[in-house]
Amino acid sequence: MVLNEEQWIKELREKRIAYGISQGRLAVASGITREYLNKIESGKMKPSKELLETLHKELARFSPEAPLTMLFDYVKIRFPTLDIQHIIKDILKLNINYMLHEDYGHYSYTEHYSLGDIFIYTSADEEKGVLLELKGRGCRQFESYLLAQQRSWYDFLMDALVDGGVMKRIDLAINDHTGILDIPELAEKCRKREYIGKSRSYKFYQSGELIKHREDEYMGRTLYLGSLKSDVYFCIYEKDYEQYVKLGIPLEEADIINRFEIRLRNERAYYAVRDLLTYYDAEQTAFSVINQYVRFVDEEPDKRKNDWKLNDRWAWFIGDNRQSLKLTTKPEPYTLDRTLRWVQRQVAPTLKMLKKIDKGNGTDYMETIEQQAKLTEKHEMIIKQQTTPAKDLVKS
């Protein structure tokens with residue numbers, strides 16, 4: 001047995017004991033006998049790589065640390081007003097003096113204000129009103145301002161509804177930190193019709209680059225459940241691979257392995273927000289939507305499909321014998337990460353070259369370039385945003 005396998009088994013036993021899980025309980029969850037697991041832990045039996053991965057994956061389900069977390073990942077709200085200053089000041093509670101204003105917009109709006117990835121669009125069309133859009137980064141940045149305001153998502157959503165806000169889209173993301181969800185397995189269940197849902201539509205994609213230095217050819221996988229044109233559909237994808245491609249984070253270091261996104265539009269988004277503000281229970285809201293629209297089962301030939309047994313892994317995911325799941329936040333400040341990555345990839349090599357030429361020839365290309373560079377109003381505002389504490393960016 002190689003050292004790597006010995007280390008895996010040692011960690012398996014230490015974690016099992018730390019979690020307070022008996023050999024019998026872990027063995028049953030992994031589909032083997034207690035005696036077999038005892039021989040593996042004592043070094044008398046060499047497990048296959050697949051079994052070792054199964055044991056670690058099943059053990060992760062018993063972790064005292066939350067294996068699943070949930071957060072807002074997309075928010076789009078339209079307000080029936082042209083008073084954008086009111087929305088920024090009284091609903092978002094941000095200081096408009098620190099927001100960048102530009103004379104263009106998306107979704108046929110003609111202008112917008114922004115603070116990092118927080119976008120507020122407006123136009124002269126009263127029917128369009130004011131549109132707030134927060135994508136993933138925007139949600140994380142807005143959470144940092146909610147924290148400074150001593151408000152929660154619930155407080156903000158209540159303010160938005162009271163002001164007549166129309167929910168255009170709400171995405172709730174459930175992060176799987178331990179690999180509970182097996183996306184290829186779920187896709188196979190869809191193919192075998194072991195998937196019961198309001199919509200029979202599903203799409204499964206494998207895409208991306210092959211990852212070097214791995215024994216298997218790993219590619220990012222995404223499963224869509226439901227029609228992408230409907231007001232309710234689900235997207236399940238390998239978040240660790242996405243972070244590898246975007247940020248270069250090694251797969252084994254990723255905090256989130258899979259992500260299950262509930263994407264709600266229009267009336268369905270409104271009902272979800274109303275449910276959140278009625279019960280203040282994000283788990284109930286999220287899984288009531290999931291359970292209403294999708295269910296994975298195991299085929300039982302002698303029974304009707306609607307009576308087939310719920311798949312064990314899916315049952316655990318939706319709440320069977322796992323700890324409760326609460327809405328979490330992950331406040332992140334507005335940073336220049338994307339700009340810095342672009343500079344690093346596209347500009348830094350040329351700057352480094354010029355610096356070496358200056359040193360070798362006694363020239364001053366770099367100094368001249370910096371002196372001749374002119375900052376626009378946009379640059380000056382970004383400097384202002386980046387050098388101002390969060391407490392000053394929010395409305396006092």
# chains A, B, ... in the order shown; residues from 1 in each chain; ligands from 1
$ residues_around --residues "Tyr237 of chain A" --least-positions-apart "4" --cutoff "10 Å" --atoms "only C-alpha atoms" --output "list in words"
Leu181, Asp182, Ile183, Phe204, Tyr205, Gln206, Gly220, Arg221, Thr222, Leu223, Tyr224, Tyr241, Glu242, Ile257, Asn258, Arg259, Phe260 and Glu261 of chain A
$ write_last_selection --atoms "C-alpha atoms" --output "PDB file, in the first residue's frame"
ATOM      1  CA  LEU A 181     -24.071  15.735  -5.290  1.00  0.00           C
ATOM      2  CA  ASP A 182     -22.739  13.555  -8.097  1.00  0.00           C
ATOM      3  CA  ILE A 183     -23.604  15.438 -11.292  1.00  0.00           C
ATOM      4  CA  PHE A 204     -26.198  17.883 -19.561  1.00  0.00           C
ATOM      5  CA  TYR A 205     -22.947  19.483 -20.704  1.00  0.00           C
ATOM      6  CA  GLN A 206     -19.290  18.590 -20.430  1.00  0.00           C
ATOM      7  CA  GLY A 220     -16.419  20.718 -16.090  1.00  0.00           C
ATOM      8  CA  ARG A 221     -19.935  19.283 -15.987  1.00  0.00           C
ATOM      9  CA  THR A 222     -23.247  21.114 -15.797  1.00  0.00           C
ATOM     10  CA  LEU A 223     -26.794  19.756 -15.522  1.00  0.00           C
ATOM     11  CA  TYR A 224     -29.863  21.904 -16.211  1.00  0.00           C
ATOM     12  CA  TYR A 241     -13.765  23.355 -11.929  1.00  0.00           C
ATOM     13  CA  GLU A 242     -15.150  26.849 -12.576  1.00  0.00           C
ATOM     14  CA  ILE A 257     -17.140  21.316  -5.010  1.00  0.00           C
ATOM     15  CA  ASN A 258     -20.621  21.591  -6.536  1.00  0.00           C
ATOM     16  CA  ARG A 259     -23.273  24.280  -6.687  1.00  0.00           C
ATOM     17  CA  PHE A 260     -27.044  23.804  -6.990  1.00  0.00           C
ATOM     18  CA  GLU A 261     -28.721  26.996  -8.200  1.00  0.00           C
TER      19      GLU A 261
END
$ residues_around --residues "segment 167-174 of chain A" --least-positions-apart "6" --cutoff "9 Å" --atoms "only C-alpha atoms" --output "ChimeraX atom specification"
/A:68-79,161,231,258-270,272-273,286
$ write_last_selection --atoms "N, CA and C atoms" --output "PDB file, in the first residue's frame"
ATOM      1  N   LEU A  68     -23.283  21.845   3.573  1.00  0.00           N
ATOM      2  CA  LEU A  68     -24.028  22.649   2.618  1.00  0.00           C
ATOM      3  C   LEU A  68     -24.216  24.060   3.170  1.00  0.00           C
ATOM      4  N   THR A  69     -24.064  25.038   2.327  1.00  0.00           N
ATOM      5  CA  THR A  69     -24.377  26.420   2.707  1.00  0.00           C
ATOM      6  C   THR A  69     -25.230  27.024   1.595  1.00  0.00           C
ATOM      7  N   MET A  70     -25.960  28.082   1.924  1.00  0.00           N
ATOM      8  CA  MET A  70     -26.846  28.693   0.938  1.00  0.00           C
ATOM      9  C   MET A  70     -26.700  30.200   0.971  1.00  0.00           C
ATOM     10  N   LEU A  71     -26.729  30.825  -0.203  1.00  0.00           N
ATOM     11  CA  LEU A  71     -26.655  32.286  -0.269  1.00  0.00           C
ATOM     12  C   LEU A  71     -27.350  32.803  -1.532  1.00  0.00           C
ATOM     13  N   PHE A  72     -27.593  34.109  -1.547  1.00  0.00           N
ATOM     14  CA  PHE A  72     -28.134  34.751  -2.740  1.00  0.00           C
ATOM     15  C   PHE A  72     -27.023  34.847  -3.774  1.00  0.00           C
ATOM     16  N   ASP A  73     -27.359  34.524  -5.032  1.00  0.00           N
ATOM     17  CA  ASP A  73     -26.338  34.578  -6.075  1.00  0.00           C
ATOM     18  C   ASP A  73     -26.730  35.489  -7.235  1.00  0.00           C
ATOM     19  N   TYR A  74     -27.973  35.936  -7.258  1.00  0.00           N
ATOM     20  CA  TYR A  74     -28.409  36.864  -8.304  1.00  0.00           C
ATOM     21  C   TYR A  74     -29.695  37.525  -7.828  1.00  0.00           C
ATOM     22  N   VAL A  75     -29.752  38.841  -7.953  1.00  0.00           N
ATOM     23  CA  VAL A  75     -30.940  39.599  -7.567  1.00  0.00           C
ATOM     24  C   VAL A  75     -31.197  40.671  -8.623  1.00  0.00           C
ATOM     25  N   LYS A  76     -32.407  40.654  -9.189  1.00  0.00           N
ATOM     26  CA  LYS A  76     -32.790  41.693 -10.146  1.00  0.00           C
ATOM     27  C   LYS A  76     -34.188  42.188  -9.761  1.00  0.00           C
ATOM     28  N   ILE A  77     -34.278  43.482  -9.445  1.00  0.00           N
ATOM     29  CA  ILE A  77     -35.537  44.081  -8.984  1.00  0.00           C
ATOM     30  C   ILE A  77     -35.806  45.352  -9.769  1.00  0.00           C
ATOM     31  N   ARG A  78     -37.039  45.495 -10.269  1.00  0.00           N
ATOM     32  CA  ARG A  78     -37.433  46.727 -10.963  1.00  0.00           C
ATOM     33  C   ARG A  78     -38.324  47.548 -10.045  1.00  0.00           C
ATOM     34  N   PHE A  79     -38.021  48.835  -9.959  1.00  0.00           N
ATOM     35  CA  PHE A  79     -38.797  49.749  -9.116  1.00  0.00           C
ATOM     36  C   PHE A  79     -39.613  50.693 -10.009  1.00  0.00           C
ATOM     37  N   LEU A 161     -39.866  45.540  -1.308  1.00  0.00           N
ATOM     38  CA  LEU A 161     -41.272  45.227  -1.553  1.00  0.00           C
ATOM     39  C   LEU A 161     -42.187  46.368  -1.127  1.00  0.00           C
ATOM     40  N   ASP A 231     -40.002  30.110 -15.806  1.00  0.00           N
ATOM     41  CA  ASP A 231     -39.761  30.971 -14.639  1.00  0.00           C
ATOM     42  C   ASP A 231     -39.104  30.219 -13.488  1.00  0.00           C
ATOM     43  N   ASN A 258     -19.492  21.443  -5.623  1.00  0.00           N
ATOM     44  CA  ASN A 258     -20.621  21.591  -6.536  1.00  0.00           C
ATOM     45  C   ASN A 258     -21.519  22.735  -6.093  1.00  0.00           C
ATOM     46  N   ARG A 259     -22.286  23.252  -7.034  1.00  0.00           N
ATOM     47  CA  ARG A 259     -23.273  24.280  -6.687  1.00  0.00           C
ATOM     48  C   ARG A 259     -24.620  23.938  -7.322  1.00  0.00           C
ATOM     49  N   PHE A 260     -25.672  24.035  -6.525  1.00  0.00           N
ATOM     50  CA  PHE A 260     -27.044  23.804  -6.990  1.00  0.00           C
ATOM     51  C   PHE A 260     -27.753  25.153  -6.955  1.00  0.00           C
ATOM     52  N   GLU A 261     -28.088  25.681  -8.131  1.00  0.00           N
ATOM     53  CA  GLU A 261     -28.721  26.996  -8.200  1.00  0.00           C
ATOM     54  C   GLU A 261     -30.206  26.871  -8.517  1.00  0.00           C
ATOM     55  N   ILE A 262     -31.016  27.562  -7.724  1.00  0.00           N
ATOM     56  CA  ILE A 262     -32.453  27.672  -7.963  1.00  0.00           C
ATOM     57  C   ILE A 262     -32.667  29.024  -8.627  1.00  0.00           C
ATOM     58  N   ARG A 263     -33.099  29.017  -9.879  1.00  0.00           N
ATOM     59  CA  ARG A 263     -33.250  30.259 -10.633  1.00  0.00           C
ATOM     60  C   ARG A 263     -34.737  30.567 -10.822  1.00  0.00           C
ATOM     61  N   LEU A 264     -35.159  31.672 -10.258  1.00  0.00           N
ATOM     62  CA  LEU A 264     -36.570  32.036 -10.239  1.00  0.00           C
ATOM     63  C   LEU A 264     -36.774  33.383 -10.918  1.00  0.00           C
ATOM     64  N   ARG A 265     -37.798  33.462 -11.751  1.00  0.00           N
ATOM     65  CA  ARG A 265     -38.097  34.716 -12.437  1.00  0.00           C
ATOM     66  C   ARG A 265     -39.530  35.159 -12.136  1.00  0.00           C
ATOM     67  N   ASN A 266     -39.719  36.467 -12.235  1.00  0.00           N
ATOM     68  CA  ASN A 266     -41.047  37.088 -12.224  1.00  0.00           C
ATOM     69  C   ASN A 266     -41.907  36.616 -11.053  1.00  0.00           C
ATOM     70  N   GLU A 267     -43.080  36.056 -11.326  1.00  0.00           N
ATOM     71  CA  GLU A 267     -44.011  35.695 -10.255  1.00  0.00           C
ATOM     72  C   GLU A 267     -43.411  34.676  -9.301  1.00  0.00           C
ATOM     73  N   ARG A 268     -42.642  33.719  -9.835  1.00  0.00           N
ATOM     74  CA  ARG A 268     -42.036  32.710  -8.958  1.00  0.00           C
ATOM     75  C   ARG A 268     -40.996  33.348  -8.042  1.00  0.00           C
ATOM     76  N   ALA A 269     -40.272  34.342  -8.536  1.00  0.00           N
ATOM     77  CA  ALA A 269     -39.312  35.063  -7.691  1.00  0.00           C
ATOM     78  C   ALA A 269     -40.048  35.823  -6.601  1.00  0.00           C
ATOM     79  N   TYR A 270     -41.172  36.445  -6.962  1.00  0.00           N
ATOM     80  CA  TYR A 270     -41.961  37.194  -5.972  1.00  0.00           C
ATOM     81  C   TYR A 270     -42.464  36.275  -4.872  1.00  0.00           C
ATOM     82  N   ALA A 272     -41.254  33.459  -3.869  1.00  0.00           N
ATOM     83  CA  ALA A 272     -40.134  32.997  -3.042  1.00  0.00           C
ATOM     84  C   ALA A 272     -39.740  34.058  -2.033  1.00  0.00           C
ATOM     85  N   VAL A 273     -39.675  35.320  -2.471  1.00  0.00           N
ATOM     86  CA  VAL A 273     -39.326  36.414  -1.558  1.00  0.00           C
ATOM     87  C   VAL A 273     -40.410  36.581  -0.495  1.00  0.00           C
ATOM     88  N   ALA A 286     -36.252  27.359  -0.102  1.00  0.00           N
ATOM     89  CA  ALA A 286     -35.488  26.742  -1.195  1.00  0.00           C
ATOM     90  C   ALA A 286     -35.964  25.332  -1.494  1.00  0.00           C
TER      91      ALA A 286
END
$ closest_residue --among "A:Ile180, A:Glu35, A:Val245, A:Tyr195" --to "Ile318 of chain A" --atoms "only C-alpha atoms"
A:Ile180
$ select_by_dssp --residues "segment 28-233 of chain A" --states "helix (DSSP H, G or I)" --output "PyMOL selection string"
chain A and resi 28-30+34-41+49-60+84-91+96-98+136-149+153-162+183-191
$ atom_distance --atom1 "atom CA of Glu41 of chain A" --atom2 "atom CA of Ser22 of chain A"
12.3 Å
$ closest_atom_pairs --of "segment 144-192 of chain A" --to "segment 82-106 of chain A" --cutoff "8 Å" --atoms "only C-alpha atoms" --output "JSON lines"
{"residue": "A:Tyr145", "atom": "CA", "partner": "A:Leu94", "partner_atom": "CA", "distance": 8.0}
{"residue": "A:Gln149", "atom": "CA", "partner": "A:Lys93", "partner_atom": "CA", "distance": 7.9}
{"residue": "A:Phe156", "atom": "CA", "partner": "A:Ile91", "partner_atom": "CA", "distance": 7.0}
{"residue": "A:Asp159", "atom": "CA", "partner": "A:Ile91", "partner_atom": "CA", "distance": 6.2}
{"residue": "A:Ala160", "atom": "CA", "partner": "A:Ile91", "partner_atom": "CA", "distance": 6.3}
$ write_last_selection --atoms "C-alpha atoms" --output "PDB file, in the first residue's frame"
ATOM      1  CA  TYR A 145     -22.528  47.184   2.776  1.00  0.00           C
ATOM      2  CA  GLN A 149     -25.591  49.206   7.684  1.00  0.00           C
ATOM      3  CA  PHE A 156     -33.435  44.903   2.299  1.00  0.00           C
ATOM      4  CA  ASP A 159     -37.768  47.635   2.027  1.00  0.00           C
ATOM      5  CA  ALA A 160     -37.798  46.777  -1.684  1.00  0.00           C
TER       6      ALA A 160
END
$ residues_around --residues "Lys10 of chain A" --least-positions-apart "3" --cutoff "10 Å" --atoms "only C-alpha atoms" --output "list in words"
Asn4, Glu5, Glu6, Gln7, Arg13, Glu14, Lys15, Arg16, Ile40, Glu41, Ser42 and Gly43 of chain A
$ write_last_selection --atoms "N, CA and C atoms" --output "short mmCIF file (atom, residue, chain, number, x, y, z; two decimals), in the first residue's frame"
data_model
loop_
_atom_site.label_atom_id
_atom_site.label_comp_id
_atom_site.auth_asym_id
_atom_site.auth_seq_id
_atom_site.Cartn_x
_atom_site.Cartn_y
_atom_site.Cartn_z
N ASN A 4 0.44 7.35 0.20
CA ASN A 4 -0.72 8.20 0.01
C ASN A 4 -1.99 7.51 0.48
N GLU A 5 -2.13 6.23 0.19
CA GLU A 5 -3.29 5.47 0.62
C GLU A 5 -3.30 5.32 2.13
N GLU A 6 -2.13 5.06 2.71
CA GLU A 6 -2.03 4.94 4.17
C GLU A 6 -2.46 6.24 4.85
N GLN A 7 -2.05 7.36 4.28
CA GLN A 7 -2.41 8.66 4.84
C GLN A 7 -3.92 8.87 4.74
N ARG A 13 -9.93 7.38 9.51
CA ARG A 13 -10.20 6.89 10.86
C ARG A 13 -10.24 8.05 11.86
N GLU A 14 -9.28 9.00 11.74
CA GLU A 14 -9.24 10.13 12.67
C GLU A 14 -10.49 11.00 12.55
N LYS A 15 -10.93 11.26 11.32
CA LYS A 15 -12.14 12.06 11.12
C LYS A 15 -13.38 11.33 11.63
N ARG A 16 -13.45 10.02 11.36
CA ARG A 16 -14.61 9.25 11.81
C ARG A 16 -14.76 9.32 13.33
N ILE A 40 -9.98 -2.46 6.73
CA ILE A 40 -9.37 -1.34 5.98
C ILE A 40 -8.65 -0.41 6.93
N GLU A 41 -9.32 -0.04 8.02
CA GLU A 41 -8.72 0.90 8.97
C GLU A 41 -7.51 0.31 9.68
N SER A 42 -7.51 -1.01 9.87
CA SER A 42 -6.38 -1.65 10.57
C SER A 42 -5.25 -2.02 9.62
N GLY A 43 -5.44 -1.77 8.33
CA GLY A 43 -4.39 -2.04 7.35
C GLY A 43 -4.34 -3.47 6.87
#
$ closest_residue --among "A:Ala254, A:Pro67, A:Thr285, A:Leu276" --to "His177 of chain A" --atoms "only C-alpha atoms"
A:Pro67
$ residues_around --residues "Ala390 of chain A" --least-positions-apart "2" --cutoff "10 Å" --atoms "only C-alpha atoms" --output "PyMOL selection string"
chain A and resi 94+144-149+333-334+385-388+392-394
$ select_by_dssp --residues "segment 164-329 of chain A" --states "strand (DSSP E or B)" --output "ChimeraX atom specification"
/A:166-176,195-197,202-207,220-225,232-237,258-265,294-298,309-310,327
